[in-house]
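Undergrad: So that you have it, the file is structure-v3.cif, and it contains mmCIF, C-alpha atoms and all ligand atoms:
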```cif
data_upload
#
loop_
_atom_site.label_atom_id
_atom_site.label_comp_id
_atom_site.auth_asym_id
_atom_site.auth_seq_id
_atom_site.Cartn_x
_atom_site.Cartn_y
_atom_site.Cartn_z
CA MET A 1 137.56 -79.59 202.02
CA ARG A 2 138.93 -82.77 200.41
CA VAL A 3 139.95 -85.31 203.03
CA LEU A 4 141.85 -88.61 202.84
CA VAL A 5 141.59 -91.05 205.76
CA ILE A 6 144.38 -93.65 205.97
CA GLY A 7 143.53 -97.16 207.19
CA GLY A 8 140.85 -99.77 206.75
CA GLY A 9 139.56 -100.95 210.12
CA GLY A 10 136.64 -100.19 212.41
CA ARG A 11 138.31 -97.07 213.74
CA GLU A 12 138.65 -95.70 210.20
CA HIS A 13 135.03 -96.59 209.43
CA ALA A 14 133.98 -94.57 212.48
CA LEU A 15 136.23 -91.66 211.40
CA CYS A 16 134.82 -91.74 207.86
CA TRP A 17 131.23 -92.05 209.12
CA LYS A 18 131.70 -88.99 211.33
CA ILE A 19 133.73 -86.90 208.86
CA SER A 20 131.20 -87.65 206.09
CA ARG A 21 128.65 -85.69 208.16
CA SER A 22 130.82 -82.58 208.36
CA LYS A 23 129.52 -79.30 206.98
CA GLU A 24 133.05 -78.53 205.80
CA LEU A 25 133.54 -81.70 203.77
CA LYS A 26 133.53 -81.60 200.00
CA LYS A 27 134.86 -85.06 199.20
CA LEU A 28 136.05 -87.98 201.32
CA TYR A 29 138.54 -90.69 200.34
CA CYS A 30 139.90 -93.62 202.31
CA ALA A 31 143.00 -95.74 201.61
CA PRO A 32 142.57 -98.67 201.55
CA GLY A 33 139.20 -98.70 203.42
CA ASN A 34 136.84 -101.70 203.63
CA ALA A 35 133.39 -102.75 202.42
CA GLY A 36 131.55 -100.55 204.94
CA ILE A 37 133.72 -97.48 204.41
CA SER A 38 132.83 -97.51 200.71
CA GLU A 39 129.37 -96.21 201.76
CA GLN A 40 130.89 -92.98 203.11
CA ALA A 41 134.11 -92.53 201.16
CA GLU A 42 135.63 -93.31 197.80
CA LEU A 43 138.20 -96.06 198.30
CA VAL A 44 141.77 -95.59 197.09
CA LYS A 45 143.67 -98.81 196.40
CA VAL A 46 146.84 -98.01 198.35
CA SER A 47 147.98 -99.74 201.52
CA ALA A 48 148.29 -97.68 204.72
CA GLU A 49 152.05 -98.27 204.87
CA ASP A 50 152.84 -97.38 201.26
CA LEU A 51 153.99 -93.80 201.89
CA GLU A 52 154.99 -93.15 198.29
CA GLY A 53 151.66 -94.47 197.00
CA ILE A 54 149.82 -92.27 199.49
CA ALA A 55 151.91 -89.23 198.53
CA ARG A 56 150.98 -89.78 194.86
CA ALA A 57 147.27 -90.17 195.68
CA VAL A 58 147.35 -87.00 197.80
CA SER A 59 148.58 -84.89 194.92
CA GLU A 60 146.42 -86.55 192.26
CA LEU A 61 143.26 -86.17 194.37
CA LYS A 62 144.15 -82.63 195.54
CA ILE A 63 143.74 -83.56 199.19
CA ASP A 64 143.53 -80.71 201.75
CA LEU A 65 143.88 -82.83 204.91
CA VAL A 66 145.14 -86.35 205.61
CA VAL A 67 143.78 -88.11 208.72
CA VAL A 68 145.93 -91.07 209.76
CA GLY A 69 144.15 -93.96 211.51
CA PRO A 70 146.79 -96.59 212.43
CA GLU A 71 150.18 -96.13 214.12
CA ALA A 72 152.39 -97.83 211.53
CA PRO A 73 152.38 -95.01 208.90
CA LEU A 74 152.99 -92.45 211.68
CA VAL A 75 155.97 -94.36 213.02
CA LEU A 76 157.24 -94.61 209.40
CA GLY A 77 157.08 -90.80 209.10
CA ILE A 78 153.98 -90.18 206.96
CA LYS A 79 153.54 -86.68 208.41
CA GLU A 80 157.01 -85.51 207.35
CA ARG A 81 156.61 -87.17 203.92
CA LEU A 82 153.30 -85.42 203.14
CA GLU A 83 154.13 -82.08 204.70
CA LYS A 84 157.11 -81.93 202.31
CA GLN A 85 154.47 -81.47 199.63
CA GLY A 86 152.56 -78.95 201.72
CA VAL A 87 149.61 -81.10 202.83
CA PRO A 88 148.58 -80.93 206.50
CA VAL A 89 148.39 -84.25 208.30
CA PHE A 90 146.33 -85.03 211.38
CA GLY A 91 148.71 -87.26 213.35
CA PRO A 92 152.05 -86.85 215.11
CA SER A 93 155.49 -86.69 213.50
CA GLN A 94 157.78 -89.70 213.52
CA LYS A 95 159.73 -88.26 216.45
CA ALA A 96 156.52 -87.66 218.43
CA ALA A 97 155.11 -91.09 217.52
CA GLU A 98 158.09 -92.58 219.39
CA LEU A 99 155.79 -92.33 222.41
CA GLU A 100 154.05 -95.42 220.99
CA GLY A 101 156.86 -96.73 218.79
CA SER A 102 159.31 -97.35 221.64
CA LYS A 103 158.08 -98.48 225.04
CA ALA A 104 161.57 -97.91 226.50
CA TRP A 105 161.63 -94.31 225.25
CA CYS A 106 158.08 -93.76 226.53
CA LYS A 107 158.87 -95.04 230.02
CA GLN A 108 162.02 -92.93 230.25
CA PHE A 109 160.01 -89.91 229.14
CA LEU A 110 157.27 -90.60 231.73
CA SER A 111 159.80 -90.90 234.51
CA LYS A 112 161.69 -87.74 233.45
CA TYR A 113 158.47 -85.70 233.57
CA LYS A 114 157.17 -87.41 236.73
CA ILE A 115 154.02 -88.73 235.05
CA PRO A 116 152.51 -91.59 237.10
CA THR A 117 153.39 -95.03 235.70
CA ALA A 118 154.57 -98.48 236.87
CA TRP A 119 158.21 -98.71 238.07
CA PHE A 120 160.45 -100.15 235.38
CA GLU A 121 163.92 -100.88 234.06
CA VAL A 122 165.13 -101.23 230.44
CA PHE A 123 167.55 -104.00 229.35
CA ARG A 124 169.40 -105.06 226.19
CA ASP A 125 171.06 -108.02 227.80
CA ALA A 126 169.15 -111.15 228.89
CA ALA A 127 171.30 -112.04 231.91
CA SER A 128 170.81 -108.63 233.58
CA ALA A 129 167.09 -108.64 232.74
CA LYS A 130 166.66 -112.07 234.37
CA LYS A 131 168.63 -111.01 237.41
CA PHE A 132 166.36 -107.99 237.85
CA ILE A 133 163.30 -110.25 237.54
CA ARG A 134 164.63 -112.60 240.24
CA VAL A 135 165.24 -109.66 242.59
CA LYS A 136 161.78 -108.14 242.00
CA GLY A 137 159.79 -111.42 241.94
CA ALA A 138 156.45 -112.11 240.25
CA PRO A 139 153.91 -111.09 239.06
CA ILE A 140 155.91 -108.86 236.76
CA VAL A 141 155.43 -107.50 233.22
CA VAL A 142 157.86 -108.01 230.31
CA LYS A 143 157.47 -105.86 227.18
CA ALA A 144 159.26 -105.86 223.83
CA ASP A 145 160.40 -102.31 223.12
CA GLY A 146 158.97 -101.79 219.61
CA LEU A 147 155.69 -102.36 217.80
CA ALA A 148 154.79 -106.06 218.00
CA ALA A 149 151.20 -106.11 216.74
CA GLY A 150 149.85 -106.14 220.29
CA LYS A 151 151.71 -109.37 221.14
CA GLY A 152 154.83 -107.98 222.78
CA VAL A 153 153.44 -107.65 226.32
CA ILE A 154 153.72 -110.61 228.70
CA ILE A 155 152.05 -110.44 232.10
CA ALA A 156 154.12 -113.08 233.87
CA ALA A 157 152.56 -114.79 236.88
CA THR A 158 155.85 -116.47 237.82
CA VAL A 159 159.57 -115.65 237.68
CA GLU A 160 160.07 -118.57 235.25
CA GLU A 161 157.45 -117.22 232.87
CA ALA A 162 159.07 -113.77 232.94
CA GLU A 163 162.53 -115.22 232.28
CA GLN A 164 161.08 -117.21 229.38
CA ALA A 165 159.57 -114.00 227.95
CA VAL A 166 163.00 -112.33 228.12
CA GLU A 167 164.45 -115.33 226.28
CA GLU A 168 161.79 -115.07 223.54
CA ILE A 169 162.22 -111.33 223.08
CA LEU A 170 165.96 -110.71 223.53
CA VAL A 171 167.53 -114.03 222.58
CA LYS A 172 165.20 -115.75 220.10
CA ARG A 173 164.16 -112.38 218.69
CA SER A 174 160.58 -113.59 218.19
CA PHE A 175 159.52 -109.98 217.51
CA GLY A 176 162.54 -109.12 215.35
CA GLU A 177 164.01 -105.65 215.83
CA ALA A 178 161.08 -104.70 218.10
CA GLY A 179 162.81 -106.98 220.63
CA SER A 180 166.27 -105.42 220.73
CA LYS A 181 165.36 -104.05 224.17
CA VAL A 182 162.92 -105.15 226.87
CA VAL A 183 161.10 -103.14 229.46
CA ILE A 184 160.54 -104.99 232.74
CA GLU A 185 157.92 -103.31 234.88
CA GLU A 186 155.66 -103.50 237.89
CA CYS A 187 152.43 -105.40 237.43
CA LEU A 188 149.70 -102.86 238.19
CA VAL A 189 146.36 -103.91 239.66
CA GLY A 190 143.08 -102.13 238.96
CA GLU A 191 140.60 -101.44 236.21
CA GLU A 192 141.74 -100.19 232.81
CA ALA A 193 140.32 -97.16 231.01
CA SER A 194 141.13 -95.44 227.73
CA PHE A 195 141.80 -91.71 227.86
CA ILE A 196 141.86 -90.20 224.41
CA GLY A 197 142.10 -86.66 223.13
CA ILE A 198 143.68 -84.54 220.46
CA SER A 199 146.46 -82.00 220.74
CA ASP A 200 147.88 -79.22 218.60
CA GLY A 201 151.22 -79.31 220.39
CA GLU A 202 150.09 -76.97 223.20
CA ASN A 203 146.42 -77.52 223.95
CA PHE A 204 144.45 -80.68 224.61
CA ALA A 205 140.80 -81.39 223.73
CA ALA A 206 139.69 -84.52 225.57
CA LEU A 207 137.26 -87.01 224.13
CA ALA A 208 134.75 -88.56 226.52
CA THR A 209 135.90 -91.51 228.63
CA SER A 210 135.71 -95.05 227.31
CA GLN A 211 136.65 -98.57 228.23
CA ASP A 212 137.88 -101.38 226.01
CA HIS A 213 137.60 -105.17 226.61
CA LYS A 214 140.95 -106.62 225.59
CA ARG A 215 140.62 -110.34 226.32
CA VAL A 216 138.92 -112.57 223.78
CA PHE A 217 136.45 -114.33 226.14
CA ASP A 218 133.88 -113.24 228.74
CA ASP A 219 135.09 -112.26 232.21
CA ASP A 220 138.45 -111.20 230.75
CA GLN A 221 139.56 -114.75 229.98
CA GLY A 222 141.81 -115.91 227.15
CA PRO A 223 144.51 -114.04 225.24
CA ASN A 224 144.68 -110.29 224.62
CA THR A 225 143.18 -109.00 221.36
CA GLY A 226 143.04 -105.60 219.70
CA GLY A 227 139.78 -105.09 221.62
CA MET A 228 136.51 -107.05 221.66
CA GLY A 229 134.16 -104.20 222.51
CA ALA A 230 134.00 -100.81 224.14
CA TYR A 231 131.60 -98.35 225.68
CA SER A 232 131.43 -94.68 226.57
CA PRO A 233 131.26 -93.03 229.05
CA ALA A 234 133.28 -95.23 231.44
CA PRO A 235 132.01 -94.55 234.96
CA VAL A 236 135.28 -95.91 236.49
CA VAL A 237 136.65 -92.44 235.60
CA SER A 238 134.79 -89.93 237.79
CA GLU A 239 134.54 -86.29 236.75
CA ARG A 240 137.16 -85.38 239.31
CA MET A 241 139.51 -88.08 238.04
CA PHE A 242 138.86 -86.92 234.45
CA ASN A 243 140.12 -83.43 235.28
CA ALA A 244 143.06 -84.82 237.26
CA VAL A 245 144.12 -87.02 234.31
CA ILE A 246 144.17 -83.96 232.05
CA ALA A 247 146.13 -81.86 234.57
CA ASP A 248 148.57 -84.54 235.83
CA ILE A 249 149.01 -86.78 232.80
CA MET A 250 147.88 -85.42 229.42
CA LEU A 251 149.04 -81.78 229.67
CA PRO A 252 152.42 -82.64 231.27
CA THR A 253 152.94 -85.13 228.41
CA ILE A 254 152.21 -82.52 225.76
CA ARG A 255 154.46 -79.96 227.47
CA GLY A 256 157.18 -82.54 227.98
CA MET A 257 157.09 -83.56 224.33
CA LYS A 258 157.45 -79.92 223.34
CA ALA A 259 160.40 -79.51 225.72
CA GLU A 260 162.00 -82.59 224.12
CA GLY A 261 161.73 -80.95 220.68
CA ARG A 262 159.07 -83.48 219.67
CA GLU A 263 155.96 -81.32 219.46
CA TYR A 264 152.92 -83.57 219.68
CA ARG A 265 150.11 -82.82 217.22
CA GLY A 266 147.46 -85.48 216.77
CA THR A 267 145.66 -88.08 218.84
CA LEU A 268 147.10 -88.80 222.25
CA TYR A 269 145.66 -91.96 223.76
CA ALA A 270 146.69 -93.03 227.24
CA GLY A 271 145.95 -96.58 228.30
CA LEU A 272 145.37 -96.07 232.03
CA MET A 273 145.25 -98.43 234.98
CA ILE A 274 143.00 -96.97 237.67
CA THR A 275 144.90 -98.21 240.73
CA LYS A 276 144.16 -97.61 244.41
CA ALA A 277 146.83 -94.90 244.25
CA GLY A 278 145.09 -93.22 241.29
CA PRO A 279 145.40 -93.46 237.49
CA LYS A 280 148.76 -94.59 236.04
CA VAL A 281 149.87 -94.74 232.41
CA LEU A 282 150.26 -98.28 231.03
CA GLU A 283 151.17 -97.07 227.57
CA TYR A 284 150.64 -94.30 225.07
CA ASN A 285 149.21 -94.69 221.61
CA CYS A 286 149.57 -92.04 218.92
CA ARG A 287 146.23 -92.85 217.29
CA PHE A 288 142.59 -93.31 218.18
CA GLY A 289 141.63 -96.56 219.94
CA ASP A 290 139.98 -99.37 218.06
CA PRO A 291 137.20 -100.18 218.99
CA GLU A 292 136.86 -97.19 221.41
CA THR A 293 136.52 -94.76 218.47
CA GLN A 294 133.30 -96.47 217.34
CA PRO A 295 131.22 -95.78 220.50
CA LEU A 296 132.99 -92.45 221.07
CA LEU A 297 132.26 -90.95 217.66
CA PHE A 298 128.74 -92.42 217.75
CA ARG A 299 128.01 -90.06 220.66
CA LEU A 300 130.06 -87.07 219.55
CA GLN A 301 127.82 -84.11 218.77
CA SER A 302 130.48 -81.67 217.56
CA ASP A 303 131.60 -81.62 213.95
CA LEU A 304 134.91 -83.55 214.14
CA LEU A 305 136.58 -82.13 211.04
CA PRO A 306 137.25 -78.58 212.36
CA PHE A 307 138.96 -80.17 215.39
CA LEU A 308 141.23 -82.29 213.23
CA VAL A 309 142.16 -79.29 211.10
CA ALA A 310 142.81 -77.15 214.19
CA ALA A 311 145.04 -79.83 215.73
CA ALA A 312 147.02 -80.25 212.51
CA LYS A 313 147.45 -76.49 212.11
CA GLY A 314 148.10 -75.58 215.75
CA ASN A 315 145.00 -73.63 216.75
CA LEU A 316 142.98 -75.84 219.04
CA GLN A 317 142.91 -73.31 221.88
CA GLY A 318 139.49 -73.00 223.52
CA MET A 319 137.91 -75.79 221.46
CA LYS A 320 135.93 -78.37 223.41
CA PHE A 321 133.99 -81.41 222.21
CA ASP A 322 130.24 -81.66 222.87
CA TRP A 323 128.83 -85.06 223.72
CA HIS A 324 125.44 -86.63 223.40
CA PRO A 325 124.30 -87.34 226.97
CA GLU A 326 123.33 -90.89 225.98
CA ALA A 327 125.75 -93.80 226.42
CA SER A 328 127.01 -96.00 223.60
CA VAL A 329 128.19 -99.59 223.46
CA CYS A 330 130.08 -101.37 220.68
CA VAL A 331 130.19 -105.18 220.51
CA VAL A 332 132.88 -106.58 218.21
CA MET A 333 131.90 -109.60 216.12
CA ALA A 334 135.10 -111.48 215.31
CA SER A 335 136.16 -114.51 213.29
CA GLY A 336 136.26 -117.60 215.53
CA GLY A 337 139.89 -118.38 216.37
CA TYR A 338 141.00 -114.72 216.49
CA PRO A 339 143.51 -113.55 217.86
CA GLY A 340 145.06 -116.84 216.70
CA THR A 341 144.42 -118.35 213.27
CA TYR A 342 140.96 -118.07 211.74
CA ARG A 343 139.22 -118.63 208.44
CA LYS A 344 137.84 -115.80 206.34
CA GLY A 345 135.83 -115.25 203.18
CA PHE A 346 132.45 -116.07 204.76
CA GLU A 347 129.38 -114.19 203.60
CA ILE A 348 127.85 -111.83 206.18
CA SER A 349 124.09 -111.34 206.38
CA GLY A 350 121.86 -109.03 208.40
CA ILE A 351 123.92 -105.81 208.44
CA ALA A 352 121.20 -103.81 206.67
CA GLU A 353 118.54 -105.13 209.10
CA ALA A 354 120.73 -104.19 212.09
CA ASN A 355 121.31 -100.71 210.66
CA LYS A 356 117.55 -100.17 210.47
CA LEU A 357 117.27 -100.40 214.27
CA ASP A 358 116.94 -97.15 216.19
CA ARG A 359 120.25 -95.38 217.13
CA THR A 360 122.25 -98.36 215.91
CA PHE A 361 125.12 -98.60 213.43
CA VAL A 362 127.34 -101.43 212.30
CA PHE A 363 130.92 -100.30 211.74
CA HIS A 364 132.99 -102.58 209.52
CA SER A 365 136.50 -103.74 210.52
CA GLY A 366 137.72 -106.73 208.53
CA THR A 367 135.24 -106.92 205.65
CA ALA A 368 135.55 -106.95 201.89
CA GLN A 369 133.19 -107.01 198.95
CA LYS A 370 132.95 -110.02 196.64
CA ASP A 371 130.40 -110.55 193.87
CA GLY A 372 128.17 -107.87 195.38
CA LYS A 373 128.27 -109.53 198.80
CA VAL A 374 130.01 -108.50 202.01
CA ILE A 375 132.43 -111.16 203.27
CA THR A 376 134.67 -111.57 206.31
CA ALA A 377 138.26 -110.48 205.67
CA GLY A 378 139.94 -110.13 209.07
CA GLY A 379 140.03 -111.13 212.73
CA ARG A 380 137.75 -108.41 213.96
CA VAL A 381 134.90 -108.20 211.48
CA LEU A 382 132.23 -105.77 212.71
CA GLY A 383 131.66 -103.28 215.54
CA VAL A 384 127.94 -103.35 216.30
CA THR A 385 127.18 -100.07 218.05
CA ALA A 386 124.09 -98.64 219.75
CA ARG A 387 123.27 -95.50 221.74
CA ARG A 388 120.64 -95.31 224.48
CA GLU A 389 119.66 -93.33 227.59
CA THR A 390 121.63 -95.62 229.92
CA ILE A 391 124.50 -98.07 229.63
CA PRO A 392 122.28 -101.11 230.37
CA ALA A 393 119.83 -100.03 227.65
CA ALA A 394 122.70 -99.48 225.18
CA ILE A 395 124.10 -102.95 226.00
CA GLU A 396 120.70 -104.51 225.32
CA ALA A 397 120.31 -102.59 222.06
CA ALA A 398 123.80 -103.50 220.80
CA TYR A 399 123.20 -107.21 221.48
CA ALA A 400 119.77 -107.03 219.85
CA ALA A 401 121.53 -105.78 216.70
CA VAL A 402 124.17 -108.55 216.97
CA GLU A 403 121.28 -111.06 216.89
CA LYS A 404 120.34 -109.84 213.39
CA ILE A 405 123.81 -110.55 211.95
CA ASN A 406 125.17 -113.91 210.85
CA PHE A 407 128.38 -115.33 209.43
CA SER A 408 130.13 -118.71 209.86
CA ASP A 409 132.40 -119.04 212.91
CA ALA A 410 131.28 -115.66 214.33
CA HIS A 411 132.41 -115.00 217.90
CA CYS A 412 131.61 -112.14 220.24
CA ARG A 413 131.87 -111.60 223.97
CA GLY A 414 128.57 -111.67 225.84
CA ASP A 415 129.58 -109.28 228.60
CA ILE A 416 130.56 -106.02 226.89
CA GLY A 417 129.76 -103.10 229.19
CA ARG A 418 129.00 -105.24 232.21
CA LYS A 419 131.90 -103.78 234.21
CA ALA A 420 130.25 -100.37 234.07
CA LEU A 421 127.13 -101.62 235.85
CA SER A 422 128.73 -101.85 239.31
CA TYR A 423 129.29 -98.07 239.25
CA LEU A 424 125.70 -97.23 238.42
CA LYS A 425 123.11 -96.52 241.08
CA THR A 426 120.21 -98.97 241.03
P1 LIG A 501 150.24 -102.30 226.38
O1 LIG A 501 150.43 -102.71 224.93
O2 LIG A 501 151.45 -101.78 227.02
O3 LIG A 501 149.00 -101.49 226.63
O4 LIG A 501 149.84 -103.65 227.11
C1 LIG A 501 148.73 -104.41 226.70
C2 LIG A 501 147.90 -104.80 227.90
O5 LIG A 501 148.73 -105.46 228.86
C3 LIG A 501 147.32 -103.61 228.65
O6 LIG A 501 146.14 -103.18 228.11
C4 LIG A 501 147.12 -104.23 230.02
O7 LIG A 501 145.97 -105.04 230.03
C5 LIG A 501 148.31 -105.12 230.18
N1 LIG A 501 149.43 -104.40 230.85
C6 LIG A 501 150.41 -103.68 230.28
N2 LIG A 501 151.25 -103.19 231.21
C7 LIG A 501 150.82 -103.62 232.40
C8 LIG A 501 151.25 -103.44 233.75
N3 LIG A 501 152.34 -102.75 234.05
N4 LIG A 501 150.53 -104.03 234.74
C9 LIG A 501 149.43 -104.76 234.44
N5 LIG A 501 148.96 -104.96 233.19
C10 LIG A 501 149.64 -104.41 232.18
N1 LIG A 502 141.62 -100.78 221.80
C1 LIG A 502 142.99 -100.75 222.08
C2 LIG A 502 143.82 -100.09 221.09
O1 LIG A 502 143.32 -99.44 220.17
O2 LIG A 502 145.02 -100.18 221.21
#
```
Turn the structure described in the file into structure tokens.
TA:
Amino acid sequence: MRVLVIGGGGREHALCWKISRSKELKKLYCAPGNAGISEQAELVKVSAEDLEGIARAVSELKIDLVVVGPEAPLVLGIKERLEKQGVPVFGPSQKAAELEGSKAWCKQFLSKYKIPTAWFEVFRDAASAKKFIRVKGAPIVVKADGLAAGKGVIIAATVEEAEQAVEEILVKRSFGEAGSKVVIEECLVGEEASFIGISDGENFAALATSQDHKRVFDDDQGPNTGGMGAYSPAPVVSERMFNAVIADIMLPTIRGMKAEGREYRGTLYAGLMITKAGPKVLEYNCRFGDPETQPLLFRLQSDLLPFLVAAAKGNLQGMKFDWHPEASVCVVMASGGYPGTYRKGFEISGIAEANKLDRTFVFHSGTAQKDGKVITAGGRVLGVTARRETIPAAIEAAYAAVEKINFSDAHCRGDIGRKALSYLKT
């Protein structure tokens, strides 16, 4: 089978690393990829959002399956574009990707199908939004409706802050068209977990549990990022809760999407808040999590490719992923300054030494190749990942690998995985 993976971050490196081990793979390509991905796949110089360029590459390279990493090409309709030329795509249609593409649509969907989520209201007009905020009081959450590169969510501690967020989104249009509507919702309290699986429109195959670390500094301080590290399994989700999330959240979502005429085939990723009243959906993503995919696929025993094909073609029934019993931890090494401004182009050393360590692998996110050297090329640079018998041992191993790697201005959190420790028996 000839496979093309779309994207060029850590998640796509993990997908390529795993797919490259498949018994069913003949040839793997990635567009546009990064320096690390070039070890597993042949890179195609086309950006992830250039649908016409991708369509041309797919026919020239005689691709049998396209696996889409990021949300943007899905929201642009890459599935419809490629299926016009008869190529199956792993990833939802444009109409199904609305679950991530519009927070207002998603919330209305969740409420229609009685899927647990924070209370909310949608507004187009600033005066009514502010009035609602004053009635409800703070803390309260203000969200731009559309995709805003992870920056469109404001957790407001005060009424003034929430009103200011409404002003930024609806009046100043700081997020452009993504801010033509706002969702104002309840501020949920609890611990977050990522619940990810794949669907063929009817059935759902869950991945193992995982937890991301969204804030840039230790102890969840500083601004939100795309994710500074992740681990799997996440003991905050008990086995009983795992089954309840499938029965009360994931399957009702898949059935609801079908009933709406928006059959959902691809990755379904629920960002959950585990509240005292049980798990509630914060948001849906129509793609794998980044960095959660790195530790998840590092402990996946099953061959991933047959699952992706089955989801794309609609025959996932009865398929279940097998997991390595060991835990895995991924520490993101980022460019200092991220998620704000940062410098790039610095040479990275020590990746090969880190990769020599037992059950350890360095996934690349923002890297590029220059004069035979690997240099930094993005905010999140590497996802240093290790697998061990226990979470504490995996944490230690991941940080031991981080110690081997150097680049100017490197920043990583020092507490990845620590939250899991309170759930473990001593
Ligand atoms: P989202 O893009 O909707 O996942 O929001 C980004 C982050 O904001 C989430 O991962 C949470 O940390 C936080 N968040 C979003 N919605 C809420 C909410 N209703 N209550 C508390 N925190 C939230
Ligand atoms: N790690 C969070 C995300 O992929 O959205």
Undergrad: Select, from A:Ala270, A:Ile169, A:Ala277, A:Leu308, the residue with the minimum atom-to-atom distance to ligand LIG 502 (chain A), counting only C-alpha atoms and all ligand atoms.
TA: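 Answer, going by the shortest atom-to-atom distance: A:Ala270.
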Undergrad: Nearest to ligand LIG 502 (chain A) among A:Gly53, A:Gly91, A:Pro295, A:Gly36, with distances taken over all atoms listed in the file: which residue is it?
TA: A:Pro295
Undergrad: Expressed in Å to a single decimal, how great is the separation between atom CA of Ser302 of chain A and atom CA of Asp322 of chain A?
TA: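 Spanning atom CA of Ser302 of chain A to atom CA of Asp322 of chain A is a straight-line distance of 5.3 Å.
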Undergrad: Mind giving me the straight-line distance from atom CA of Gln317 of chain A to atom CA of Gly271 of chain A in Å, one decimal?
TA: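 It comes out at 24.3 Å.
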Undergrad: Counting only C-alpha atoms and all ligand atoms, figure out which residue out of A:Ile54, A:Ala148, A:Ile78, A:Leu421 gets nearest to ligand LIG 501 (chain A).
TA: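 Of A:Ile54, A:Ala148, A:Ile78, A:Leu421, the one nearest ligand LIG 501 (chain A), counting only C-alpha atoms and all ligand atoms, is A:Ala148.
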Undergrad: Mind checking which residues fall within 6 Å of segment 2-8 of chain A, counting only C-alpha atoms, ignoring those fewer than 4 positions away in the same chain, and posting them as a ChimeraX atom specification?
TA: /A:12,26-34,48,63-69
Undergrad: Find the residues around Phe363 of chain A up to 8 Å (all atoms listed in the file counted), leave out those fewer than 3 positions away in its own chain, and share them as an NGL selection string.
TA: :A and (10 or 13-14 or 36 or 294 or 382-385)
